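To be precise, the following lines are structure_20.txt, and they hold compact mmCIF, C-alpha atoms.
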# COMPACT_ATOMS: atom_id res chain seq x y z
CA MET A 1 -28.40 -44.42 -215.40
CA HIS A 2 -28.55 -42.73 -218.78
CA ARG A 3 -29.38 -44.33 -222.08
CA GLY A 4 -26.35 -45.90 -223.71
CA GLU A 5 -24.25 -45.89 -220.54
CA ARG A 6 -22.81 -49.25 -219.73
CA LEU A 7 -20.33 -50.77 -217.34
CA THR A 8 -18.86 -54.21 -217.34
CA ASN A 9 -18.16 -55.83 -214.01
CA THR A 10 -16.51 -58.82 -212.45
CA LEU A 11 -19.16 -59.30 -209.78
CA LYS A 12 -19.99 -62.84 -210.79
CA VAL A 13 -16.34 -63.85 -210.74
CA GLN A 14 -15.76 -62.21 -207.36
CA ARG A 15 -18.85 -63.82 -205.91
CA ALA A 16 -17.66 -67.19 -207.11
CA ARG A 17 -14.23 -66.50 -205.57
CA MET A 18 -15.84 -65.79 -202.20
CA ASP A 19 -18.43 -68.52 -202.68
CA TRP A 20 -21.28 -66.06 -202.12
CA SER A 21 -24.72 -66.19 -203.62
CA GLN A 22 -26.38 -62.99 -204.89
CA GLU A 23 -28.50 -63.08 -201.75
CA GLU A 24 -25.41 -63.25 -199.53
CA LEU A 25 -23.79 -60.31 -201.32
CA ALA A 26 -27.07 -58.38 -201.08
CA ARG A 27 -27.18 -59.01 -197.33
CA ARG A 28 -23.60 -57.78 -196.90
CA ILE A 29 -24.17 -54.51 -198.76
CA GLY A 30 -27.72 -53.86 -197.57
CA VAL A 31 -29.75 -54.18 -200.76
CA THR A 32 -32.14 -56.75 -202.22
CA ARG A 33 -30.99 -59.72 -204.29
CA LYS A 34 -32.78 -58.17 -207.25
CA THR A 35 -30.61 -55.05 -207.05
CA VAL A 36 -27.46 -57.19 -207.06
CA ASN A 37 -28.84 -59.10 -210.02
CA THR A 38 -29.55 -55.94 -212.06
CA ILE A 39 -26.06 -54.59 -211.30
CA GLU A 40 -24.38 -57.88 -212.16
CA ASN A 41 -26.23 -58.04 -215.48
CA GLY A 42 -25.33 -54.44 -216.32
CA VAL A 43 -28.96 -53.32 -216.28
CA TYR A 44 -28.39 -50.87 -213.45
CA ILE A 45 -25.29 -48.79 -212.73
CA PRO A 46 -24.91 -48.41 -208.96
CA SER A 47 -24.19 -45.16 -207.17
CA THR A 48 -20.62 -44.38 -206.16
CA TYR A 49 -21.55 -45.19 -202.57
CA LEU A 50 -22.88 -48.65 -203.43
CA ALA A 51 -19.97 -49.37 -205.77
CA LEU A 52 -17.56 -48.49 -202.96
CA LYS A 53 -19.47 -50.72 -200.54
CA MET A 54 -19.22 -53.59 -203.00
CA ALA A 55 -15.52 -53.02 -203.53
CA LYS A 56 -15.04 -52.97 -199.76
CA VAL A 57 -16.74 -56.31 -199.12
CA PHE A 58 -14.63 -57.88 -201.87
CA GLU A 59 -11.50 -56.12 -200.54
CA MET A 60 -10.62 -54.62 -203.91
CA THR A 61 -10.82 -51.29 -205.73
CA VAL A 62 -13.89 -50.06 -207.60
CA GLU A 63 -11.86 -50.09 -210.83
CA GLU A 64 -11.18 -53.78 -210.35
CA LEU A 65 -14.87 -54.42 -209.93
CA PHE A 66 -16.30 -52.11 -212.59
CA GLN A 67 -14.87 -51.17 -215.96
CA ILE A 68 -15.95 -48.89 -218.79
CA PRO A 69 -16.01 -51.08 -221.91
CA GLU A 70 -13.52 -50.03 -224.60
CA MET B 1 -34.91 -70.82 -196.60
CA SER B 2 -34.77 -67.27 -197.93
CA SER B 3 -33.77 -64.25 -195.85
CA PRO B 4 -36.35 -61.89 -194.30
CA VAL B 5 -35.38 -59.28 -196.92
CA GLU B 6 -36.35 -61.58 -199.79
CA THR B 7 -39.47 -62.77 -197.98
CA TYR B 8 -40.71 -59.22 -197.38
CA ASP B 9 -39.66 -58.14 -200.88
CA ARG B 10 -41.80 -60.90 -202.39
CA LEU B 11 -44.67 -60.10 -200.04
CA ARG B 12 -44.49 -56.41 -200.88
CA ARG B 13 -44.47 -57.17 -204.61
CA ARG B 14 -47.47 -59.47 -204.23
CA TYR B 15 -49.54 -56.88 -202.36
CA PHE B 16 -48.42 -54.26 -204.85
CA LEU B 17 -49.74 -56.39 -207.72
CA VAL B 18 -53.08 -56.69 -205.93
CA TYR B 19 -53.05 -52.91 -205.45
CA LEU B 20 -52.35 -52.43 -209.16
CA VAL B 21 -55.20 -54.78 -210.14
CA GLY B 22 -57.55 -52.85 -207.85
CA GLN B 23 -56.49 -49.53 -209.32
CA VAL B 24 -56.75 -50.64 -212.94
CA SER B 25 -60.16 -52.27 -212.47
CA PHE B 26 -61.40 -49.17 -210.65
CA LEU B 27 -60.11 -46.91 -213.43
CA ALA B 28 -61.57 -49.09 -216.20
CA ALA B 29 -65.02 -49.20 -214.56
CA TRP B 30 -64.87 -45.50 -213.76
CA ILE B 31 -63.96 -44.48 -217.34
CA ALA B 32 -66.52 -46.81 -218.94
CA ARG B 33 -69.28 -45.51 -216.64
CA LEU B 34 -68.26 -41.89 -217.21
CA ILE B 35 -68.26 -42.19 -221.00
CA MET B 36 -71.60 -44.06 -221.03
CA ARG B 37 -73.13 -41.47 -218.74
CA GLU B 38 -71.84 -38.59 -220.85
CA THR B 39 -73.16 -40.16 -224.05
CA SER B 40 -76.48 -40.99 -222.34
CA VAL B 41 -76.32 -44.72 -223.00
CA LEU B 42 -76.00 -45.73 -219.35
CA ARG B 43 -78.92 -47.94 -218.31
CA ALA B 44 -79.93 -48.39 -214.67
CA TRP B 45 -78.87 -52.06 -214.52
CA LEU B 46 -75.52 -51.19 -216.09
CA ASP B 47 -75.05 -48.38 -213.62
CA THR B 48 -75.63 -50.86 -210.79
CA ALA B 49 -73.12 -53.27 -212.34
CA PHE B 50 -70.51 -50.50 -212.54
CA ALA B 51 -71.25 -49.49 -208.95
CA LEU B 52 -70.66 -53.10 -207.84
CA LEU B 53 -67.42 -53.28 -209.83
CA LEU B 54 -66.24 -50.00 -208.32
CA LEU B 55 -67.12 -51.26 -204.84
CA LEU B 56 -65.26 -54.50 -205.47
CA SER B 57 -62.23 -52.55 -206.70
CA VAL B 58 -62.29 -50.38 -203.57
CA LEU B 59 -62.38 -53.54 -201.43
CA VAL B 60 -59.38 -54.94 -203.34
CA LEU B 61 -57.58 -51.60 -202.88
CA PHE B 62 -58.39 -51.63 -199.17
CA TYR B 63 -57.11 -55.21 -198.77
CA SER B 64 -53.86 -54.41 -200.59
CA PHE B 65 -53.48 -51.19 -198.62
CA LEU B 66 -53.74 -53.13 -195.35
CA GLY B 67 -51.22 -55.68 -196.62
CA LEU B 68 -48.75 -53.04 -197.78
CA ASN B 69 -49.14 -51.22 -194.49
CA LYS B 70 -48.42 -54.43 -192.57
CA VAL B 71 -45.25 -54.94 -194.63
CA ARG B 72 -44.25 -51.30 -194.18
CA LYS B 73 -44.64 -51.53 -190.39
CA ALA B 74 -42.47 -54.65 -190.24
CA VAL B 75 -39.86 -53.08 -192.52
CA ILE B 76 -39.50 -49.73 -190.77
CA SER B 77 -39.10 -51.37 -187.38
CA ASP B 78 -35.96 -53.19 -188.55
CA PRO B 79 -33.07 -50.95 -189.76
CA ASP B 80 -31.48 -53.70 -191.89
CA LEU B 81 -34.76 -54.55 -193.57
CA ARG B 82 -35.49 -50.87 -194.15
CA GLU B 83 -32.08 -50.25 -195.72
CA ALA B 84 -32.41 -53.22 -198.07
CA LEU B 85 -36.05 -52.82 -199.04
CA TYR B 86 -35.72 -49.10 -199.68
CA ASP B 87 -32.39 -49.42 -201.45
CA GLU B 88 -31.27 -47.02 -204.16
CA LEU B 89 -32.80 -49.01 -207.02
CA VAL B 90 -36.23 -49.00 -205.37
CA ARG B 91 -35.96 -45.26 -204.69
CA LEU B 92 -34.85 -44.64 -208.28
CA ASN B 93 -37.79 -46.65 -209.61
CA TRP B 94 -40.22 -44.60 -207.48
CA GLU B 95 -38.75 -41.42 -208.96
CA ARG B 96 -38.84 -42.74 -212.52
CA ALA B 97 -42.46 -43.86 -212.05
CA TRP B 98 -43.47 -40.24 -211.35
CA LYS B 99 -42.67 -39.36 -214.95
CA TYR B 100 -45.08 -42.00 -216.23
CA GLY B 101 -47.73 -40.86 -213.77
CA PHE B 102 -47.40 -37.33 -215.14
CA LEU B 103 -47.64 -38.61 -218.72
CA ALA B 104 -50.79 -40.57 -217.80
CA VAL B 105 -52.39 -37.37 -216.41
CA MET B 106 -51.47 -35.58 -219.64
CA ALA B 107 -52.96 -38.43 -221.70
CA GLY B 108 -56.12 -38.27 -219.59
CA LEU B 109 -56.45 -34.53 -220.14
CA ALA B 110 -55.77 -34.91 -223.87
CA PHE B 111 -58.51 -37.55 -224.04
CA PHE B 112 -60.80 -35.14 -222.19
CA ALA B 113 -60.03 -32.38 -224.71
CA VAL B 114 -60.75 -34.62 -227.71
CA PHE B 115 -63.91 -36.01 -226.11
CA ASN B 116 -65.10 -32.48 -225.34
CA PHE B 117 -64.50 -31.49 -228.97
CA LEU B 118 -66.63 -34.38 -230.24
CA SER B 119 -69.32 -34.16 -227.59
CA PRO B 120 -69.39 -31.26 -225.10
CA VAL B 121 -68.76 -32.55 -221.59
CA LYS B 122 -71.42 -32.03 -218.89
CA ASP B 123 -69.43 -33.12 -215.85
CA VAL B 124 -66.03 -31.41 -216.16
CA PHE B 125 -65.02 -32.23 -212.58
CA ALA B 126 -65.48 -35.98 -213.18
CA PHE B 127 -63.17 -35.82 -216.22
CA ILE B 128 -60.48 -33.94 -214.34
CA LEU B 129 -60.76 -36.46 -211.50
CA THR B 130 -60.42 -39.24 -214.08
CA ALA B 131 -57.17 -37.70 -215.34
CA PHE B 132 -55.80 -37.81 -211.79
CA PHE B 133 -56.95 -41.42 -211.34
CA ALA B 134 -55.18 -42.24 -214.63
CA GLY B 135 -52.05 -40.55 -213.28
CA ALA B 136 -52.16 -42.58 -210.07
CA SER B 137 -52.64 -45.81 -212.03
CA GLY B 138 -49.90 -44.86 -214.49
CA TYR B 139 -47.55 -44.26 -211.60
CA THR B 140 -48.39 -47.60 -209.96
CA PHE B 141 -48.16 -49.51 -213.23
CA ALA B 142 -44.81 -47.89 -214.13
CA PHE B 143 -43.34 -48.73 -210.74
CA TYR B 144 -44.53 -52.32 -210.97
CA ARG B 145 -42.97 -52.73 -214.42
CA LEU B 146 -39.70 -51.04 -213.43
CA ASP B 147 -39.51 -53.17 -210.30
CA ARG B 148 -39.98 -56.33 -212.33
CA SER B 149 -37.56 -55.47 -215.13

Would you encode the structure as structure tokens?
Amino acid sequence: MHRGERLTNTLKVQRARMDWSQEELARRIGVTRKTVNTIENGVYIPSTYLALKMAKVFEMTVEELFQIPE
Amino acid sequence: MSSPVETYDRLRRRYFLVYLVGQVSFLAAWIARLIMRETSVLRAWLDTAFALLLLLSVLVLFYSFLGLNKVRKAVISDPDLREALYDELVRLNWERAWKYGFLAVMAGLAFFAVFNFLSPVKDVFAFILTAFFAGASGYTFAFYRLDRS
């Protein structure tokens, strides 16, 4: 992640939709809860692989999950 | 009840903090003793006190090393645990910590150069070793901070 780069995401909304905690999402994508937390808060931008894994568990596209802010 | 991933993550972080404390206390005692020895103000009783502090730090390091090794063994034997506890953020933080370790070595060598300018150094090897110790501690400290942020 480079300085100044930022992504917005709908992770919190999607988690609420599925009724999953951060820990549950972490378990499903094979990372720690802390990693999910840093992604959700925009502190860390995940790799393409992890973003695709997240999109897959939510059954949506990466673009629906992550957006470049205008 | 939290998952095994979170349990081991917390345990690993706890042992890592102990490891960091051991490293920093070792480095502090080592540097203080080295400077006092070089400037000829090191008394015998103080030397003994530093030796005890260094020994205590080594014991703390040994304890944390055993703990981290225990966690590592449990983690590598379970593929799911291994995947989660060595996820991309952890790997990235390890890589980023290297940069700070390198900077700490540079700072140690710069300190050595300035010190040598003010008072010519007798034990060059000890100073170079100190720069490497500083690098190791800088690396550990950087990882701990990155992991917490």

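Distance check against Ser25 of chain B using only C-alpha atoms: of B:Leu59, B:Leu103, B:Ala44, B:Leu118, the minimum falls on B:Leu59.
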
**Prompt:** So which residues touch Phe62 of chain B within 12 Å, counting only C-alpha atoms, skipping near sequence neighbours fewer than 3 positions away, as a list in words?
**Reply:**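 Contacts, with the query itself left out: Tyr15, Phe16, Val18, Tyr19, Leu20, Val21, Gly22, Gln23, Leu55, Leu56, Ser57, Val58, Leu59, Phe65, Leu66, Gly67, Leu68 and Asn69 of chain B.
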
Kindly determine which residues of chain A lie within 6 Å of chain B, considering only C-alpha atoms, and give the answer as a compact mmCIF listing (two decimals) with C-alpha atoms, in the frame of the given file.
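The resulting file, selection_24.txt, is reproduced below:
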# COMPACT_ATOMS: atom_id res chain seq x y z
CA GLY A 30 -27.72 -53.86 -197.57
CA VAL A 31 -29.75 -54.18 -200.76
CA THR A 32 -32.14 -56.75 -202.22

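Picture a line from atom CA of Ala97 of chain B to atom CA of Tyr44 of chain A; it runs 15.8 Å.
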
Around all the atoms of segment 56-72 of chain B listed in the file, draw an axis-aligned box and extend it by 8 Å on each of the six sides; I want its centre and edge lengths in Å to one decimal, as AutoDock Vina command-line options.
--center_x -54.8 --center_y -53.0 --center_z -199.6 --size_x 37.0 --size_y 21.3 --size_z 30.1

Margin query: What does the structure give for the distance between atom CA of Thr35 of chain A and atom CA of Phe143 of chain B, in Å to one decimal?
Written below: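 Computed distance, atom CA of Thr35 of chain A to atom CA of Phe143 of chain B, equals 14.7 Å.
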
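The two atoms in question, atom CA of Tyr8 of chain B and atom CA of Arg91 of chain B, are spaced 16.5 Å apart.
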
**Request:** Skip segment 46-61 of chain A itself and residues of its chain fewer than 3 positions away, then list as an MDAnalysis selection string all residues within 12 Å of it, counting all atoms listed in the file.
**Result:** (chainID A and resid 1:2 5:20 22 24:31 35:43 64:67) or (chainID B and resid 84 87:90 92)

Shell of 8 Å around Val121 of chain B, all atoms listed in the file, local chain residues under 4 positions omitted, as number ranges by chain: B: 38, 115-116
